[in-house]
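Asker: First, the structure itself, so that you have it in front of you.
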Amino acid sequence: MSTPFPVEILTLFPGMVSGYLGASILGKAQEKGLLSITVTDIREYAEGKHRVTDDAPYGGGAGMVMKPEPLVAAIEAARARLPGARALLMSPRGPAFTQATARELVRHEAGLILVCGRYEGVDERVMTYLDGELSLGDFVLTGGEVAALAVVDAVARLVPGVLGNVDSSVTESFEEGMLEHPQYTRLLYT
């Protein structure tokens, strides 16, 4: 068997993503050793009694910003575990995630480190520790967890052996720029 495709998700809310990752196709792919998905709590890298990971934005404004110290420490630890992996921030200002992006990411065999932003975003100094950003589109979410799950789901479907039928990922919507045709079951509806 080949090496599993590695993914690490850095989040302040590991419980939000763990259930999804352990179910259905993603859970089975991990059991088969095709995927290796780790969820890391960024708070583990924060100091102090309360493990604070956010602070008020410099210059004022609404909301809070993720502090660089715990986030950078979490990214560096993930890079040590996954040398050569691409580290990407889930962010509304990144390029839009597409099926073509998923195909490009799965070819990066060293894996992915997906960073889930929160609040008003992350301290800009963190960007020097990342390889880029990805967006699901022009809308705002409460955090990057949903976006990270979408990326993992789309990329995982392209890992050989994850889907039961090898043709499934080849004949998908958007593989040739268009949606698939309508689907029907064999049972007649009366």
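For the structure tokens, the naming scheme is as follows: chains receive sequential letters (A, B, ...) according to their order of presentation, residues are indexed from 1 within each chain, and ligands are indexed from 1 in presentation order.
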Excluding Val126 (chain A) and its own-chain neighbours fewer than 4 positions away, which residues fall within 9 Å of it when counting only C-alpha atoms? Please give them as a PyMOL selection string.

Answerer: chain A and resi 67-69+71-72+122+130

Asker: With C-alpha atoms kept, could you save the residues just selected as a PDB file, in the first residue's frame?

Answerer:
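Saved to result_15.pdb:
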```
ATOM      1  CA  LYS A  67      -2.518  36.467  17.580  1.00  0.00           C
ATOM      2  CA  PRO A  68       0.597  35.498  15.637  1.00  0.00           C
ATOM      3  CA  GLU A  69       2.500  33.708  18.422  1.00  0.00           C
ATOM      4  CA  LEU A  71      -0.657  30.445  15.263  1.00  0.00           C
ATOM      5  CA  VAL A  72       2.955  30.554  14.058  1.00  0.00           C
ATOM      6  CA  VAL A 122      -5.257  36.509  11.476  1.00  0.00           C
ATOM      7  CA  LEU A 130       2.111  30.248   4.873  1.00  0.00           C
TER       8      LEU A 130
END
```

Asker: Find the residues near region 108-116 of chain A: any atom within 6 Å, counting only C-alpha atoms, skip ones fewer than 6 places away on the same chain, and give them as a list in words.

Answerer: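 The neighbour list is Phe5, Pro6, Val7, Glu8, Ile9, Leu10, Thr11, Gly84, Ala85, Arg86, Ala87, Leu88, Leu89, Met90, Gly144 and Glu145 of chain A.
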
Asker: Save the residues we just selected, N, CA and C atoms, as a tab-separated table (two decimals), in the first residue's frame?

Answerer:
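Generated output (out_27.tsv):
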```tsv
chain	number	residue	atom	x	y	z
A	5	PHE	N	-2.28	10.05	2.00
A	5	PHE	CA	-2.19	11.48	1.71
A	5	PHE	C	-2.40	12.22	3.03
A	6	PRO	N	-1.40	13.02	3.48
A	6	PRO	CA	-1.50	13.66	4.79
A	6	PRO	C	-2.14	15.05	4.75
A	7	VAL	N	-3.00	15.29	5.73
A	7	VAL	CA	-3.65	16.60	5.89
A	7	VAL	C	-3.63	16.92	7.38
A	8	GLU	N	-3.32	18.15	7.71
A	8	GLU	CA	-3.44	18.61	9.08
A	8	GLU	C	-4.27	19.88	9.07
A	9	ILE	N	-5.28	19.92	9.92
A	9	ILE	CA	-6.15	21.09	10.05
A	9	ILE	C	-5.84	21.76	11.38
A	10	LEU	N	-5.49	23.04	11.33
A	10	LEU	CA	-5.22	23.82	12.53
A	10	LEU	C	-6.45	24.68	12.81
A	11	THR	N	-7.04	24.51	13.98
A	11	THR	CA	-8.29	25.17	14.31
A	11	THR	C	-8.38	25.48	15.79
A	84	GLY	N	7.49	19.73	3.85
A	84	GLY	CA	7.16	19.94	2.44
A	84	GLY	C	5.68	20.13	2.16
A	85	ALA	N	4.82	19.99	3.16
A	85	ALA	CA	3.38	20.18	2.95
A	85	ALA	C	3.09	21.64	2.62
A	86	ARG	N	2.02	21.88	1.84
A	86	ARG	CA	1.59	23.24	1.55
A	86	ARG	C	0.71	23.72	2.69
A	87	ALA	N	1.05	24.88	3.24
A	87	ALA	CA	0.27	25.47	4.33
A	87	ALA	C	-0.57	26.60	3.77
A	88	LEU	N	-1.89	26.46	3.90
A	88	LEU	CA	-2.83	27.41	3.31
A	88	LEU	C	-3.81	27.92	4.35
A	89	LEU	N	-4.06	29.21	4.32
A	89	LEU	CA	-5.05	29.82	5.20
A	89	LEU	C	-6.39	29.87	4.49
A	90	MET	N	-7.43	29.40	5.16
A	90	MET	CA	-8.78	29.53	4.63
A	90	MET	C	-9.19	30.99	4.87
A	144	GLY	N	-12.79	29.38	9.41
A	144	GLY	CA	-12.30	28.63	8.28
A	144	GLY	C	-12.58	27.14	8.31
A	145	GLU	N	-13.24	26.65	9.35
A	145	GLU	CA	-13.46	25.20	9.48
A	145	GLU	C	-14.30	24.63	8.35
```

Asker: Just how far from CA of Ile42 (chain A) is CA of Gly60 (chain A), in Å to one decimal?

Answerer: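 Distance reported for this atom pair: 24.3 Å.
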
Asker: Taking the chain letters and numbering used in this document, name the residues of chain A that DSSP puts in helix (DSSP H, G or I), as a ChimeraX atom specification.

Answerer: /A:14-21,24-31,42-45,68-81,99-106,124-129,145-156

Asker: Let me see the file: selected residues, C-alpha atoms, as a short mmCIF file (atom, residue, chain, number, x, y, z; two decimals), in the first residue's frame.

Answerer:
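What ended up in again16.cif:
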```
data_model
loop_
_atom_site.label_atom_id
_atom_site.label_comp_id
_atom_site.auth_asym_id
_atom_site.auth_seq_id
_atom_site.Cartn_x
_atom_site.Cartn_y
_atom_site.Cartn_z
CA PRO A 14 -11.37 20.79 16.76
CA GLY A 15 -14.77 19.40 17.71
CA MET A 16 -16.35 21.21 14.78
CA VAL A 17 -14.38 19.21 12.22
CA SER A 18 -13.60 15.86 13.86
CA GLY A 19 -17.07 14.36 13.43
CA TYR A 20 -17.23 15.17 9.75
CA LEU A 21 -13.75 13.79 9.09
CA SER A 24 -18.62 8.42 5.44
CA ILE A 25 -16.02 8.34 2.67
CA LEU A 26 -13.41 10.35 4.62
CA GLY A 27 -13.63 8.05 7.63
CA LYS A 28 -13.39 4.92 5.47
CA ALA A 29 -10.43 6.35 3.54
CA GLN A 30 -8.59 6.90 6.82
CA GLU A 31 -9.41 3.36 7.98
CA ILE A 42 -4.23 26.01 18.04
CA ARG A 43 -4.85 26.74 21.74
CA GLU A 44 -2.29 24.04 22.58
CA TYR A 45 0.33 26.53 21.37
CA PRO A 68 0.60 35.50 15.64
CA GLU A 69 2.50 33.71 18.42
CA PRO A 70 0.25 30.65 18.94
CA LEU A 71 -0.66 30.45 15.26
CA VAL A 72 2.96 30.55 14.06
CA ALA A 73 3.95 27.96 16.68
CA ALA A 74 1.13 25.67 15.48
CA ILE A 75 2.11 26.13 11.82
CA GLU A 76 5.79 25.43 12.55
CA ALA A 77 4.89 22.28 14.52
CA ALA A 78 2.67 21.09 11.68
CA ARG A 79 5.46 21.74 9.16
CA ALA A 80 7.81 19.67 11.33
CA ARG A 81 5.29 16.79 11.22
CA GLN A 99 -12.03 21.49 -8.95
CA ALA A 100 -8.82 22.42 -10.78
CA THR A 101 -7.36 23.62 -7.46
CA ALA A 102 -8.32 20.31 -5.84
CA ARG A 103 -6.53 18.40 -8.63
CA GLU A 104 -3.43 20.56 -8.17
CA LEU A 105 -3.43 20.10 -4.38
CA VAL A 106 -3.75 16.30 -4.50
CA GLU A 124 -0.86 39.71 8.87
CA ARG A 125 2.61 38.70 10.10
CA VAL A 126 1.42 35.07 10.00
CA MET A 127 1.29 35.22 6.20
CA THR A 128 5.08 34.86 5.95
CA TYR A 129 4.71 31.34 7.42
CA GLU A 145 -13.46 25.20 9.48
CA VAL A 146 -16.25 24.78 6.92
CA ALA A 147 -13.88 25.90 4.15
CA ALA A 148 -11.16 23.49 5.32
CA LEU A 149 -13.65 20.61 5.35
CA ALA A 150 -14.75 21.47 1.80
CA VAL A 151 -11.12 21.45 0.63
CA VAL A 152 -10.37 18.14 2.37
CA ASP A 153 -13.53 16.56 0.96
CA ALA A 154 -12.83 17.66 -2.62
CA VAL A 155 -9.12 16.72 -2.51
CA ALA A 156 -9.76 13.36 -0.82
#
```

Asker: Any idea what's packed within 12 Å of Phe139 (chain A), counting only C-alpha atoms, ignoring anything in its chain fewer than 3 positions away? Could you give it as a PDB file with N, CA and C atoms, in the first residue's frame?

Answerer:
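Final output, part.pdb:
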```
ATOM      1  N   SER A  91      -9.398  31.730   3.785  1.00  0.00           N
ATOM      2  CA  SER A  91      -9.564  33.178   3.896  1.00  0.00           C
ATOM      3  C   SER A  91     -10.431  33.699   2.756  1.00  0.00           C
ATOM      4  N   PRO A  92     -11.326  34.654   3.021  1.00  0.00           N
ATOM      5  CA  PRO A  92     -12.137  35.197   1.932  1.00  0.00           C
ATOM      6  C   PRO A  92     -11.327  35.989   0.907  1.00  0.00           C
ATOM      7  N   ARG A  93     -10.103  36.353   1.220  1.00  0.00           N
ATOM      8  CA  ARG A  93      -9.313  37.126   0.263  1.00  0.00           C
ATOM      9  C   ARG A  93      -8.423  36.252  -0.621  1.00  0.00           C
ATOM     10  N   GLY A  94      -8.444  34.936  -0.418  1.00  0.00           N
ATOM     11  CA  GLY A  94      -7.649  34.046  -1.250  1.00  0.00           C
ATOM     12  C   GLY A  94      -8.314  33.779  -2.583  1.00  0.00           C
ATOM     13  N   ALA A  96     -10.309  31.715  -5.390  1.00  0.00           N
ATOM     14  CA  ALA A  96     -11.447  30.806  -5.245  1.00  0.00           C
ATOM     15  C   ALA A  96     -11.006  29.353  -5.440  1.00  0.00           C
ATOM     16  N   SER A 135     -10.115  30.563  -0.773  1.00  0.00           N
ATOM     17  CA  SER A 135     -11.453  31.044  -0.449  1.00  0.00           C
ATOM     18  C   SER A 135     -12.492  30.121  -1.079  1.00  0.00           C
ATOM     19  N   LEU A 136     -13.624  29.977  -0.404  1.00  0.00           N
ATOM     20  CA  LEU A 136     -14.749  29.248  -1.007  1.00  0.00           C
ATOM     21  C   LEU A 136     -15.619  30.164  -1.851  1.00  0.00           C
ATOM     22  N   THR A 142     -18.114  32.255   9.802  1.00  0.00           N
ATOM     23  CA  THR A 142     -17.626  32.579  11.143  1.00  0.00           C
ATOM     24  C   THR A 142     -16.213  32.071  11.369  1.00  0.00           C
ATOM     25  N   GLY A 143     -15.748  31.178  10.546  1.00  0.00           N
ATOM     26  CA  GLY A 143     -14.393  30.660  10.670  1.00  0.00           C
ATOM     27  C   GLY A 143     -14.040  29.816   9.469  1.00  0.00           C
ATOM     28  N   GLY A 144     -12.794  29.384   9.414  1.00  0.00           N
ATOM     29  CA  GLY A 144     -12.298  28.627   8.277  1.00  0.00           C
ATOM     30  C   GLY A 144     -12.578  27.140   8.308  1.00  0.00           C
ATOM     31  N   ALA A 147     -14.696  25.825   5.372  1.00  0.00           N
ATOM     32  CA  ALA A 147     -13.881  25.903   4.153  1.00  0.00           C
ATOM     33  C   ALA A 147     -12.832  24.790   4.130  1.00  0.00           C
TER      34      ALA A 147
END
```
